[in-house]
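Here's run_33.cif, which has mmCIF, C-alpha atoms and all ligand atoms:
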```
data_model
#
loop_
_atom_site.label_atom_id
_atom_site.label_comp_id
_atom_site.auth_asym_id
_atom_site.auth_seq_id
_atom_site.Cartn_x
_atom_site.Cartn_y
_atom_site.Cartn_z
CA MET A 1 -3.75 -20.97 -21.11
CA THR A 2 -4.28 -24.53 -22.25
CA MET A 3 -6.85 -25.50 -24.87
CA GLN A 4 -9.01 -26.96 -22.11
CA GLU A 5 -8.91 -23.71 -20.14
CA ARG A 6 -9.72 -21.62 -23.20
CA LEU A 7 -12.67 -23.82 -24.14
CA THR A 8 -13.98 -23.90 -20.58
CA ASN A 9 -13.73 -20.10 -20.30
CA ILE A 10 -15.52 -19.59 -23.60
CA LEU A 11 -18.31 -22.01 -22.70
CA GLU A 12 -18.78 -20.20 -19.39
CA THR A 13 -18.87 -16.82 -21.11
CA ILE A 14 -21.44 -18.13 -23.58
CA GLU A 15 -23.58 -19.51 -20.77
CA GLU A 16 -23.45 -16.18 -18.92
CA ALA A 17 -24.48 -14.30 -22.04
CA VAL A 18 -27.37 -16.71 -22.64
CA GLN A 19 -28.60 -16.25 -19.08
CA ALA A 20 -28.12 -12.48 -19.13
CA SER A 21 -30.31 -12.19 -22.20
CA GLY A 22 -33.04 -14.22 -20.53
CA ARG A 23 -32.86 -16.99 -23.08
CA LYS A 24 -33.87 -20.51 -22.21
CA ASP A 25 -32.33 -22.23 -25.22
CA LYS A 26 -28.78 -23.33 -25.92
CA VAL A 27 -25.94 -21.88 -27.96
CA GLN A 28 -23.57 -24.29 -29.62
CA LEU A 29 -19.88 -23.59 -29.98
CA MET A 30 -18.28 -24.23 -33.37
CA ALA A 31 -14.48 -24.34 -33.41
CA VAL A 32 -13.17 -22.83 -36.65
CA SER A 33 -9.92 -24.64 -37.30
CA LYS A 34 -8.88 -23.08 -40.64
CA THR A 35 -5.09 -22.68 -41.00
CA HIS A 36 -4.58 -24.74 -37.82
CA SER A 37 -3.31 -28.30 -37.81
CA PHE A 38 -5.29 -31.50 -37.51
CA GLN A 39 -3.34 -32.02 -34.30
CA ALA A 40 -4.97 -28.88 -32.90
CA VAL A 41 -8.38 -30.24 -33.96
CA LEU A 42 -7.72 -33.51 -32.15
CA GLU A 43 -6.61 -31.64 -29.06
CA ALA A 44 -9.91 -29.75 -29.05
CA VAL A 45 -11.80 -33.04 -29.58
CA SER A 46 -10.02 -34.51 -26.57
CA CYS A 47 -11.28 -31.52 -24.56
CA GLY A 48 -14.85 -32.37 -25.52
CA GLN A 49 -15.31 -30.05 -28.52
CA ILE A 50 -17.47 -31.79 -31.15
CA LEU A 51 -18.35 -29.20 -33.80
CA PHE A 52 -15.77 -27.82 -36.24
CA GLY A 53 -15.89 -25.43 -39.17
CA GLU A 54 -13.58 -24.98 -42.13
CA ASN A 55 -13.91 -22.49 -44.95
CA ARG A 56 -11.96 -24.07 -47.82
CA VAL A 57 -12.61 -27.37 -49.58
CA GLN A 58 -8.96 -27.87 -50.42
CA GLU A 59 -7.93 -27.49 -46.81
CA ILE A 60 -10.60 -29.95 -45.66
CA GLU A 61 -9.34 -32.49 -48.19
CA LYS A 62 -5.77 -32.14 -47.03
CA LYS A 63 -6.37 -31.93 -43.32
CA PHE A 64 -9.19 -34.28 -42.39
CA PRO A 65 -9.49 -38.04 -42.73
CA LEU A 66 -12.64 -39.37 -44.42
CA GLU A 67 -13.76 -41.12 -41.24
CA ARG A 68 -14.47 -38.58 -38.56
CA ASP A 69 -14.57 -40.08 -35.12
CA GLY A 70 -16.53 -38.26 -32.44
CA TYR A 71 -16.77 -34.85 -34.08
CA GLN A 72 -18.60 -33.05 -36.86
CA LEU A 73 -17.29 -30.87 -39.64
CA HIS A 74 -19.16 -28.08 -41.43
CA LEU A 75 -18.15 -26.08 -44.48
CA ILE A 76 -18.61 -22.40 -43.59
CA GLY A 77 -16.83 -20.70 -46.51
CA HIS A 78 -18.01 -19.81 -49.98
CA LEU A 79 -18.45 -22.92 -52.13
CA GLN A 80 -17.61 -22.83 -55.82
CA SER A 81 -19.77 -25.01 -58.00
CA ASN A 82 -16.79 -26.97 -59.31
CA LYS A 83 -15.98 -28.09 -55.74
CA VAL A 84 -19.45 -29.41 -54.90
CA LYS A 85 -18.74 -32.96 -55.94
CA LYS A 86 -15.59 -33.07 -53.85
CA VAL A 87 -16.99 -31.56 -50.67
CA VAL A 88 -20.35 -33.33 -50.35
CA PRO A 89 -18.84 -36.61 -49.08
CA LEU A 90 -16.42 -34.75 -46.78
CA VAL A 91 -18.67 -32.66 -44.51
CA ASP A 92 -21.69 -33.02 -42.23
CA SER A 93 -23.25 -29.72 -43.27
CA ILE A 94 -22.78 -26.89 -45.75
CA ASP A 95 -23.48 -23.64 -43.91
CA SER A 96 -22.78 -21.30 -46.81
CA ILE A 97 -25.40 -21.93 -49.51
CA ASP A 98 -25.83 -18.62 -51.31
CA SER A 99 -27.63 -19.34 -54.58
CA LEU A 100 -30.39 -21.53 -55.94
CA ARG A 101 -27.92 -22.95 -58.41
CA LEU A 102 -25.59 -24.07 -55.63
CA ALA A 103 -28.51 -25.51 -53.65
CA ARG A 104 -29.48 -27.57 -56.72
CA LEU A 105 -25.95 -28.83 -57.32
CA VAL A 106 -25.50 -29.85 -53.68
CA SER A 107 -28.89 -31.57 -53.65
CA GLU A 108 -28.10 -33.53 -56.81
CA GLN A 109 -24.67 -34.56 -55.61
CA ALA A 110 -25.93 -35.59 -52.17
CA LEU A 111 -28.67 -37.74 -53.70
CA HIS A 112 -26.08 -39.22 -56.01
CA ILE A 113 -24.14 -40.59 -53.03
CA GLY A 114 -27.25 -41.48 -51.03
CA LYS A 115 -27.07 -38.65 -48.54
CA VAL A 116 -29.27 -35.77 -47.45
CA MET A 117 -27.07 -32.77 -46.76
CA PRO A 118 -28.04 -30.40 -43.96
CA VAL A 119 -27.49 -26.81 -45.11
CA LEU A 120 -27.75 -23.23 -43.92
CA LEU A 121 -28.57 -20.34 -46.22
CA GLU A 122 -26.00 -17.58 -45.91
CA LEU A 123 -27.25 -14.01 -45.99
CA ASN A 124 -25.07 -11.01 -46.60
CA THR A 125 -26.51 -8.81 -43.87
CA SER A 126 -23.69 -6.26 -43.91
CA LYS A 127 -23.91 -5.63 -47.66
CA GLU A 128 -20.11 -5.61 -47.73
CA ALA A 129 -19.14 -6.56 -51.27
CA SER A 130 -16.30 -8.77 -50.06
CA LYS A 131 -18.75 -11.06 -48.26
CA ALA A 132 -20.62 -14.00 -49.63
CA GLY A 133 -24.30 -14.67 -49.08
CA PHE A 134 -27.63 -13.75 -50.59
CA THR A 135 -27.94 -10.00 -51.02
CA SER A 136 -31.40 -9.92 -52.58
CA GLU A 137 -34.57 -11.12 -50.90
CA LYS A 138 -35.77 -12.41 -54.21
CA SER A 139 -32.95 -14.89 -54.71
CA TYR A 140 -33.20 -16.02 -51.09
CA TYR A 141 -36.92 -16.73 -51.31
CA GLU A 142 -36.40 -18.55 -54.60
CA VAL A 143 -34.52 -21.23 -52.68
CA LEU A 144 -37.30 -21.57 -50.12
CA GLU A 145 -39.84 -21.85 -52.95
CA ALA A 146 -37.74 -24.57 -54.56
CA ALA A 147 -37.00 -26.44 -51.32
CA ALA A 148 -39.63 -29.12 -51.95
CA ASP A 149 -37.88 -29.99 -55.22
CA LEU A 150 -34.48 -30.32 -53.57
CA PRO A 151 -34.70 -33.62 -51.69
CA GLY A 152 -30.92 -33.94 -51.34
CA ILE A 153 -30.65 -30.98 -49.00
CA SER A 154 -32.31 -30.24 -45.70
CA ILE A 155 -32.48 -26.57 -44.74
CA GLN A 156 -31.70 -26.08 -41.06
CA GLY A 157 -31.56 -22.30 -40.80
CA LEU A 158 -29.53 -19.22 -41.64
CA MET A 159 -25.97 -18.00 -41.36
CA THR A 160 -24.28 -14.63 -41.61
CA ILE A 161 -20.96 -12.91 -41.05
CA GLY A 162 -21.31 -9.64 -39.16
CA PRO A 163 -19.89 -6.39 -40.51
CA LEU A 164 -16.22 -5.72 -39.91
CA SER A 165 -16.80 -3.06 -37.30
CA ASP A 166 -16.48 -2.56 -33.56
CA ASP A 167 -19.63 -0.49 -33.44
CA GLU A 168 -22.00 -2.53 -31.29
CA HIS A 169 -25.13 -1.00 -32.77
CA GLU A 170 -24.09 -1.64 -36.36
CA VAL A 171 -23.01 -5.23 -35.72
CA ARG A 172 -26.11 -6.08 -33.70
CA GLN A 173 -28.33 -4.64 -36.39
CA ALA A 174 -26.92 -7.10 -38.90
CA PHE A 175 -27.54 -9.99 -36.49
CA ALA A 176 -31.05 -8.73 -35.72
CA GLN A 177 -31.72 -8.65 -39.44
CA LEU A 178 -30.82 -12.33 -39.73
CA ARG A 179 -33.10 -13.20 -36.83
CA LYS A 180 -35.97 -11.23 -38.33
CA ARG A 181 -35.50 -12.86 -41.70
CA SER A 182 -35.60 -16.25 -39.99
CA GLU A 183 -38.80 -15.40 -38.08
CA GLU A 184 -40.43 -14.09 -41.24
CA SER A 185 -39.42 -17.19 -43.15
CA LYS A 186 -40.86 -19.43 -40.44
CA VAL A 187 -44.23 -17.76 -40.86
CA ARG A 188 -44.19 -17.92 -44.65
CA TYR A 189 -42.82 -21.48 -44.83
CA PRO A 190 -44.06 -23.25 -41.70
CA HIS A 191 -43.10 -26.66 -43.10
CA LEU A 192 -39.42 -25.66 -43.37
CA CYS A 193 -36.90 -25.56 -40.52
CA PHE A 194 -35.24 -22.31 -39.44
CA GLU A 195 -33.96 -23.49 -36.08
CA THR A 196 -30.30 -22.60 -36.55
CA LEU A 197 -29.01 -19.04 -36.52
CA SER A 198 -25.27 -19.27 -37.08
CA MET A 199 -23.82 -15.87 -36.25
CA GLY A 200 -21.02 -14.45 -34.14
CA MET A 201 -17.23 -14.88 -34.34
CA SER A 202 -14.41 -14.24 -31.84
CA GLN A 203 -14.90 -10.45 -31.91
CA ASP A 204 -18.67 -10.27 -31.77
CA TYR A 205 -20.15 -13.52 -30.45
CA LEU A 206 -21.53 -12.01 -27.25
CA TRP A 207 -23.50 -9.47 -29.28
CA ALA A 208 -24.69 -12.26 -31.56
CA ILE A 209 -25.96 -14.26 -28.56
CA LYS A 210 -27.93 -11.22 -27.41
CA GLU A 211 -29.53 -11.16 -30.86
CA GLY A 212 -30.52 -14.82 -30.73
CA SER A 213 -27.57 -16.72 -32.22
CA THR A 214 -27.77 -20.49 -31.74
CA VAL A 215 -24.28 -21.30 -33.09
CA VAL A 216 -21.21 -19.12 -32.61
CA ARG A 217 -18.19 -19.77 -34.83
CA LEU A 218 -14.93 -19.14 -33.01
CA GLY A 219 -11.46 -19.49 -34.50
CA THR A 220 -8.98 -17.06 -32.95
CA ALA A 221 -10.48 -17.27 -29.45
CA ILE A 222 -9.92 -21.05 -29.41
CA PHE A 223 -6.84 -21.69 -31.54
CA GLY A 224 -5.04 -18.34 -31.36
CA ARG A 225 -3.99 -16.10 -34.21
CA ARG A 226 -3.93 -17.42 -37.76
CA ASP A 227 -0.70 -17.25 -39.72
CA TYR A 228 -1.41 -17.05 -43.41
CA PRO A 229 1.48 -18.18 -45.59
C1 LIG G 301 -12.67 -17.64 -39.97
C2 LIG G 301 -14.11 -17.66 -39.78
C3 LIG G 301 -14.68 -17.61 -38.49
C4 LIG G 301 -13.86 -17.47 -37.22
O1 LIG G 301 -13.26 -16.23 -37.14
P1 LIG G 301 -12.53 -15.73 -35.79
O2 LIG G 301 -12.58 -14.26 -35.91
O3 LIG G 301 -11.15 -16.26 -35.83
O4 LIG G 301 -13.30 -16.23 -34.64
C5 LIG G 301 -16.06 -17.68 -38.41
N1 LIG G 301 -16.85 -17.78 -39.49
C6 LIG G 301 -16.35 -17.84 -40.75
C7 LIG G 301 -17.27 -17.96 -41.89
C8 LIG G 301 -14.96 -17.78 -40.93
O5 LIG G 301 -14.47 -17.82 -42.18
#
```

Before anything else, please render the file you have as structure tokens.
Ligand SMILES: *Cc1c(COP(=O)(O)O)cnc(C)c1O
Amino acid sequence: MTMQERLTNILETIEEAVQASGRKDKVQLMAVSKTHSFQAVLEAVSCGQILFGENRVQEIEKKFPLERDGYQLHLIGHLQSNKVKKVVPLVDSIDSIDSLRLARLVSEQALHIGKVMPVLLELNTSKEASKAGFTSEKSYYEVLEAAADLPGISIQGLMTIGPLSDDEHEVRQAFAQLRKRSEESKVRYPHLCFETLSMGMSQDYLWAIKEGSTVVRLGTAIFGRRDYP
């Protein structure tokens, strides 16, 4: 299959899942290009794909030019505080904020370069120790409490990585938890935005759509297998 055929198939599958779950809203497709070449990114862009995700700052620096033409790039991997300064000018959104400290650093750095950085708060819904994201409610709500004092970031919603499991019930429960947390947050903080629910990857995006995902992050399904050196 060509890139165009793969993307078209995926978009159709997404649309079917949206309709089947009786939803009226849209689900955006993010192409996760980690380990794949910039050439592959450009090929996807030429097929109409506009949203990309990368999980490592170093790879973004090496792979992408500063001027992005016709597409957007989000950081979706864990961000270390010593990389904040580097990454803030390089991406259109940071989808993996997982501490108040990081939120502060990103806000400061964004203001410093005259930018307001859209962000998602990442929740660890599977409680797998290997995964990033807020694990305690307390630390999550601390960020929402502080949001008014963080003018360099603009919260857009939540993100999670589902559990590594092929058990539909278990995976969907994690996604449902993210949706519930977002609905709860909307009620408690009506002035903040919780529009985005970034959940679902190649293995589980159809389940995520059934649970209300608004952005699915697909790597393997678009670019093929990853070869790690
Ligand atoms: C790699 C990655 C993806 C894409 O994974 P696939 O299984 O290849 O679709 C999605 N989200 C995050 C945070 C990732 O690191």

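For the choices A:Gln156, A:Glu211, A:Glu5, A:Leu66, the atom-to-atom distance to His169 (chain A) is smallest for A:Glu211 when using all atoms listed in the file.
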
- Query: Looking at A:Val41, A:Asp227, A:Glu54, A:Glu170, which one is nearest to Asp69 (chain A), with distances taken over only C-alpha atoms?
  - Reply: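 The answer is A:Val41, which sits nearest to Asp69 (chain A).
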
- request: Residues within 12 Å of ligand LIG 301 (chain G) should be enumerated using only C-alpha atoms and all ligand atoms and returned as a ChimeraX atom specification.
  value: /A:10,29-36,52-56,74-79,94-97,120,122-124,131-133,159-164,198-206,215-228

- [ ] Using CA of Leu197 (chain A) and CA of Lys180 (chain A) as the two end points, give the distance in Å to one decimal.
- [x]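 Distance reported for this atom pair: 10.6 Å.
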
Contact residues around Val45 (chain A) with only C-alpha atoms at 10 Å, ignoring same-chain residues under 3 positions, as a compact mmCIF listing (two decimals) with C-alpha atoms, in the coordinates of the input:
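Wrote it out as around04.txt, contents follow:
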```txt
# COMPACT_ATOMS: atom_id res chain seq x y z
CA ALA A 31 -14.48 -24.34 -33.41
CA GLN A 39 -3.34 -32.02 -34.30
CA ALA A 40 -4.97 -28.88 -32.90
CA VAL A 41 -8.38 -30.24 -33.96
CA LEU A 42 -7.72 -33.51 -32.15
CA GLY A 48 -14.85 -32.37 -25.52
CA GLN A 49 -15.31 -30.05 -28.52
CA ILE A 50 -17.47 -31.79 -31.15
CA LEU A 51 -18.35 -29.20 -33.80
CA PHE A 52 -15.77 -27.82 -36.24
CA ASP A 69 -14.57 -40.08 -35.12
CA GLY A 70 -16.53 -38.26 -32.44
CA TYR A 71 -16.77 -34.85 -34.08
CA GLN A 72 -18.60 -33.05 -36.86
```

Centre and edge lengths of an axis-aligned box around all listed atoms of region 119-128 of chain A, with 3 Å added on each side, are to be given in Å to one decimal, as AutoDock Vina command-line options.
```
--center_x -24.3 --center_y -16.2 --center_z -45.8 --size_x 14.5 --size_y 27.2 --size_z 9.9
```

From the list A:Pro89, A:Leu144, A:Leu105, A:Lys210, which residue is nearest Val18 (chain A) when using all atoms listed in the file?
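Closest to Val18 (chain A) of all the choices is A:Lys210.
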
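Excluding Arg179 (chain A) and any residue on its chain fewer than 3 positions from it, the residues at most 9 Å away by all atoms listed in the file are A:Leu158, A:Ala174, A:Phe175, A:Ala176, A:Ser182, A:Glu183, A:Glu184, A:Leu197, A:Glu211, A:Gly212, A:Ser213.
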
query = How far is it from CA of Ser81 (chain A) to CA of Leu102 (chain A), in Å with one decimal?
reply =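 Atom-to-atom, CA of Ser81 (chain A) to CA of Leu102 (chain A), that is 6.4 Å.
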
Taken to one decimal, the CA of Thr196 (chain A)-CA of Ser136 (chain A) distance is 20.5 Å

Next item on the list: Using all atoms listed in the file, give me every residue within 9 Å of (-15.9, -34.7, -42.7) in file coordinates, as a ChimeraX atom specification.
Entry: /A:60-61,64-68,71-74,87-93

Restricted to C-alpha atoms, what would the selected residues look like written as a PDB file, in the coordinates of the input?
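Result file part_14.pdb:
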```pdb
ATOM      1  CA  ILE A  60     -10.600 -29.950 -45.660  1.00  0.00           C
ATOM      2  CA  GLU A  61      -9.340 -32.490 -48.190  1.00  0.00           C
ATOM      3  CA  PHE A  64      -9.190 -34.280 -42.390  1.00  0.00           C
ATOM      4  CA  PRO A  65      -9.490 -38.040 -42.730  1.00  0.00           C
ATOM      5  CA  LEU A  66     -12.640 -39.370 -44.420  1.00  0.00           C
ATOM      6  CA  GLU A  67     -13.760 -41.120 -41.240  1.00  0.00           C
ATOM      7  CA  ARG A  68     -14.470 -38.580 -38.560  1.00  0.00           C
ATOM      8  CA  TYR A  71     -16.770 -34.850 -34.080  1.00  0.00           C
ATOM      9  CA  GLN A  72     -18.600 -33.050 -36.860  1.00  0.00           C
ATOM     10  CA  LEU A  73     -17.290 -30.870 -39.640  1.00  0.00           C
ATOM     11  CA  HIS A  74     -19.160 -28.080 -41.430  1.00  0.00           C
ATOM     12  CA  VAL A  87     -16.990 -31.560 -50.670  1.00  0.00           C
ATOM     13  CA  VAL A  88     -20.350 -33.330 -50.350  1.00  0.00           C
ATOM     14  CA  PRO A  89     -18.840 -36.610 -49.080  1.00  0.00           C
ATOM     15  CA  LEU A  90     -16.420 -34.750 -46.780  1.00  0.00           C
ATOM     16  CA  VAL A  91     -18.670 -32.660 -44.510  1.00  0.00           C
ATOM     17  CA  ASP A  92     -21.690 -33.020 -42.230  1.00  0.00           C
ATOM     18  CA  SER A  93     -23.250 -29.720 -43.270  1.00  0.00           C
TER      19      SER A  93
END
```

Polymer residues at most 12 Å from Ser185 (chain A), only C-alpha atoms, same-chain spacing of 2 or more positions, as a list in words: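 Contacts, with the query itself left out: Leu121, Glu137, Tyr140, Tyr141, Glu142, Val143, Leu144, Glu145, Ile155, Gln156, Gly157, Leu158, Leu178, Arg179, Lys180, Arg181, Ser182, Glu183, Val187, Arg188, Tyr189, Pro190, His191, Leu192, Cys193, Phe194 and Glu195 of chain A.
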
Reconstruct N, CA and C atoms of region 11-41 of chain A; output as a CSV table (one decimal), in the frame of the given file.
```csv
chain,number,residue,atom,x,y,z
A,11,LEU,N,-17.0,-21.4,-23.0
A,11,LEU,CA,-18.3,-22.0,-22.7
A,11,LEU,C,-19.0,-21.3,-21.5
A,12,GLU,N,-18.2,-20.9,-20.5
A,12,GLU,CA,-18.8,-20.2,-19.4
A,12,GLU,C,-19.3,-18.8,-19.8
A,13,THR,N,-18.5,-18.2,-20.6
A,13,THR,CA,-18.9,-16.8,-21.1
A,13,THR,C,-20.1,-16.9,-21.9
A,14,ILE,N,-20.2,-17.9,-22.8
A,14,ILE,CA,-21.4,-18.1,-23.6
A,14,ILE,C,-22.6,-18.3,-22.7
A,15,GLU,N,-22.5,-19.2,-21.7
A,15,GLU,CA,-23.6,-19.5,-20.8
A,15,GLU,C,-24.1,-18.3,-20.0
A,16,GLU,N,-23.1,-17.4,-19.6
A,16,GLU,CA,-23.4,-16.2,-18.9
A,16,GLU,C,-24.2,-15.3,-19.8
A,17,ALA,N,-23.8,-15.2,-21.1
A,17,ALA,CA,-24.5,-14.3,-22.0
A,17,ALA,C,-25.9,-14.8,-22.3
A,18,VAL,N,-26.1,-16.1,-22.4
A,18,VAL,CA,-27.4,-16.7,-22.6
A,18,VAL,C,-28.3,-16.4,-21.5
A,19,GLN,N,-27.8,-16.5,-20.3
A,19,GLN,CA,-28.6,-16.2,-19.1
A,19,GLN,C,-28.9,-14.8,-19.0
A,20,ALA,N,-27.9,-13.9,-19.2
A,20,ALA,CA,-28.1,-12.5,-19.1
A,20,ALA,C,-29.2,-12.0,-20.1
A,21,SER,N,-29.3,-12.7,-21.3
A,21,SER,CA,-30.3,-12.2,-22.2
A,21,SER,C,-31.6,-12.9,-22.0
A,22,GLY,N,-31.8,-13.6,-20.9
A,22,GLY,CA,-33.0,-14.2,-20.5
A,22,GLY,C,-33.5,-15.3,-21.4
A,23,ARG,N,-32.5,-15.9,-22.2
A,23,ARG,CA,-32.9,-17.0,-23.1
A,23,ARG,C,-32.9,-18.3,-22.3
A,24,LYS,N,-33.8,-19.2,-22.8
A,24,LYS,CA,-33.9,-20.5,-22.2
A,24,LYS,C,-33.2,-21.6,-23.1
A,25,ASP,N,-32.9,-21.2,-24.3
A,25,ASP,CA,-32.3,-22.2,-25.2
A,25,ASP,C,-30.8,-22.3,-25.1
A,26,LYS,N,-30.2,-23.1,-26.0
A,26,LYS,CA,-28.8,-23.3,-25.9
A,26,LYS,C,-28.1,-22.7,-27.1
A,27,VAL,N,-26.8,-22.4,-26.9
A,27,VAL,CA,-25.9,-21.9,-28.0
A,27,VAL,C,-24.8,-22.9,-28.1
A,28,GLN,N,-24.6,-23.3,-29.4
A,28,GLN,CA,-23.6,-24.3,-29.6
A,28,GLN,C,-22.3,-23.6,-30.0
A,29,LEU,N,-21.2,-24.2,-29.6
A,29,LEU,CA,-19.9,-23.6,-30.0
A,29,LEU,C,-19.3,-24.4,-31.2
A,30,MET,N,-19.0,-23.6,-32.2
A,30,MET,CA,-18.3,-24.2,-33.4
A,30,MET,C,-16.8,-23.8,-33.3
A,31,ALA,N,-15.9,-24.7,-33.4
A,31,ALA,CA,-14.5,-24.3,-33.4
A,31,ALA,C,-14.0,-24.2,-34.9
A,32,VAL,N,-13.6,-23.0,-35.3
A,32,VAL,CA,-13.2,-22.8,-36.6
A,32,VAL,C,-11.7,-23.1,-36.7
A,33,SER,N,-11.3,-24.2,-37.4
A,33,SER,CA,-9.9,-24.6,-37.3
A,33,SER,C,-9.1,-24.3,-38.5
A,34,LYS,N,-9.6,-23.4,-39.4
A,34,LYS,CA,-8.9,-23.1,-40.6
A,34,LYS,C,-7.5,-22.6,-40.3
A,35,THR,N,-6.5,-23.0,-41.1
A,35,THR,CA,-5.1,-22.7,-41.0
A,35,THR,C,-4.4,-23.4,-39.8
A,36,HIS,N,-5.2,-24.0,-38.9
A,36,HIS,CA,-4.6,-24.7,-37.8
A,36,HIS,C,-4.5,-26.2,-38.2
A,37,SER,N,-3.6,-26.9,-37.4
A,37,SER,CA,-3.3,-28.3,-37.8
A,37,SER,C,-4.4,-29.3,-37.4
A,38,PHE,N,-4.4,-30.5,-37.9
A,38,PHE,CA,-5.3,-31.5,-37.5
A,38,PHE,C,-5.0,-31.9,-36.1
A,39,GLN,N,-3.7,-31.8,-35.7
A,39,GLN,CA,-3.3,-32.0,-34.3
A,39,GLN,C,-4.1,-31.1,-33.3
A,40,ALA,N,-4.2,-29.8,-33.7
A,40,ALA,CA,-5.0,-28.9,-32.9
A,40,ALA,C,-6.5,-29.3,-32.8
A,41,VAL,N,-7.0,-29.8,-33.9
A,41,VAL,CA,-8.4,-30.2,-34.0
A,41,VAL,C,-8.5,-31.4,-33.0
```
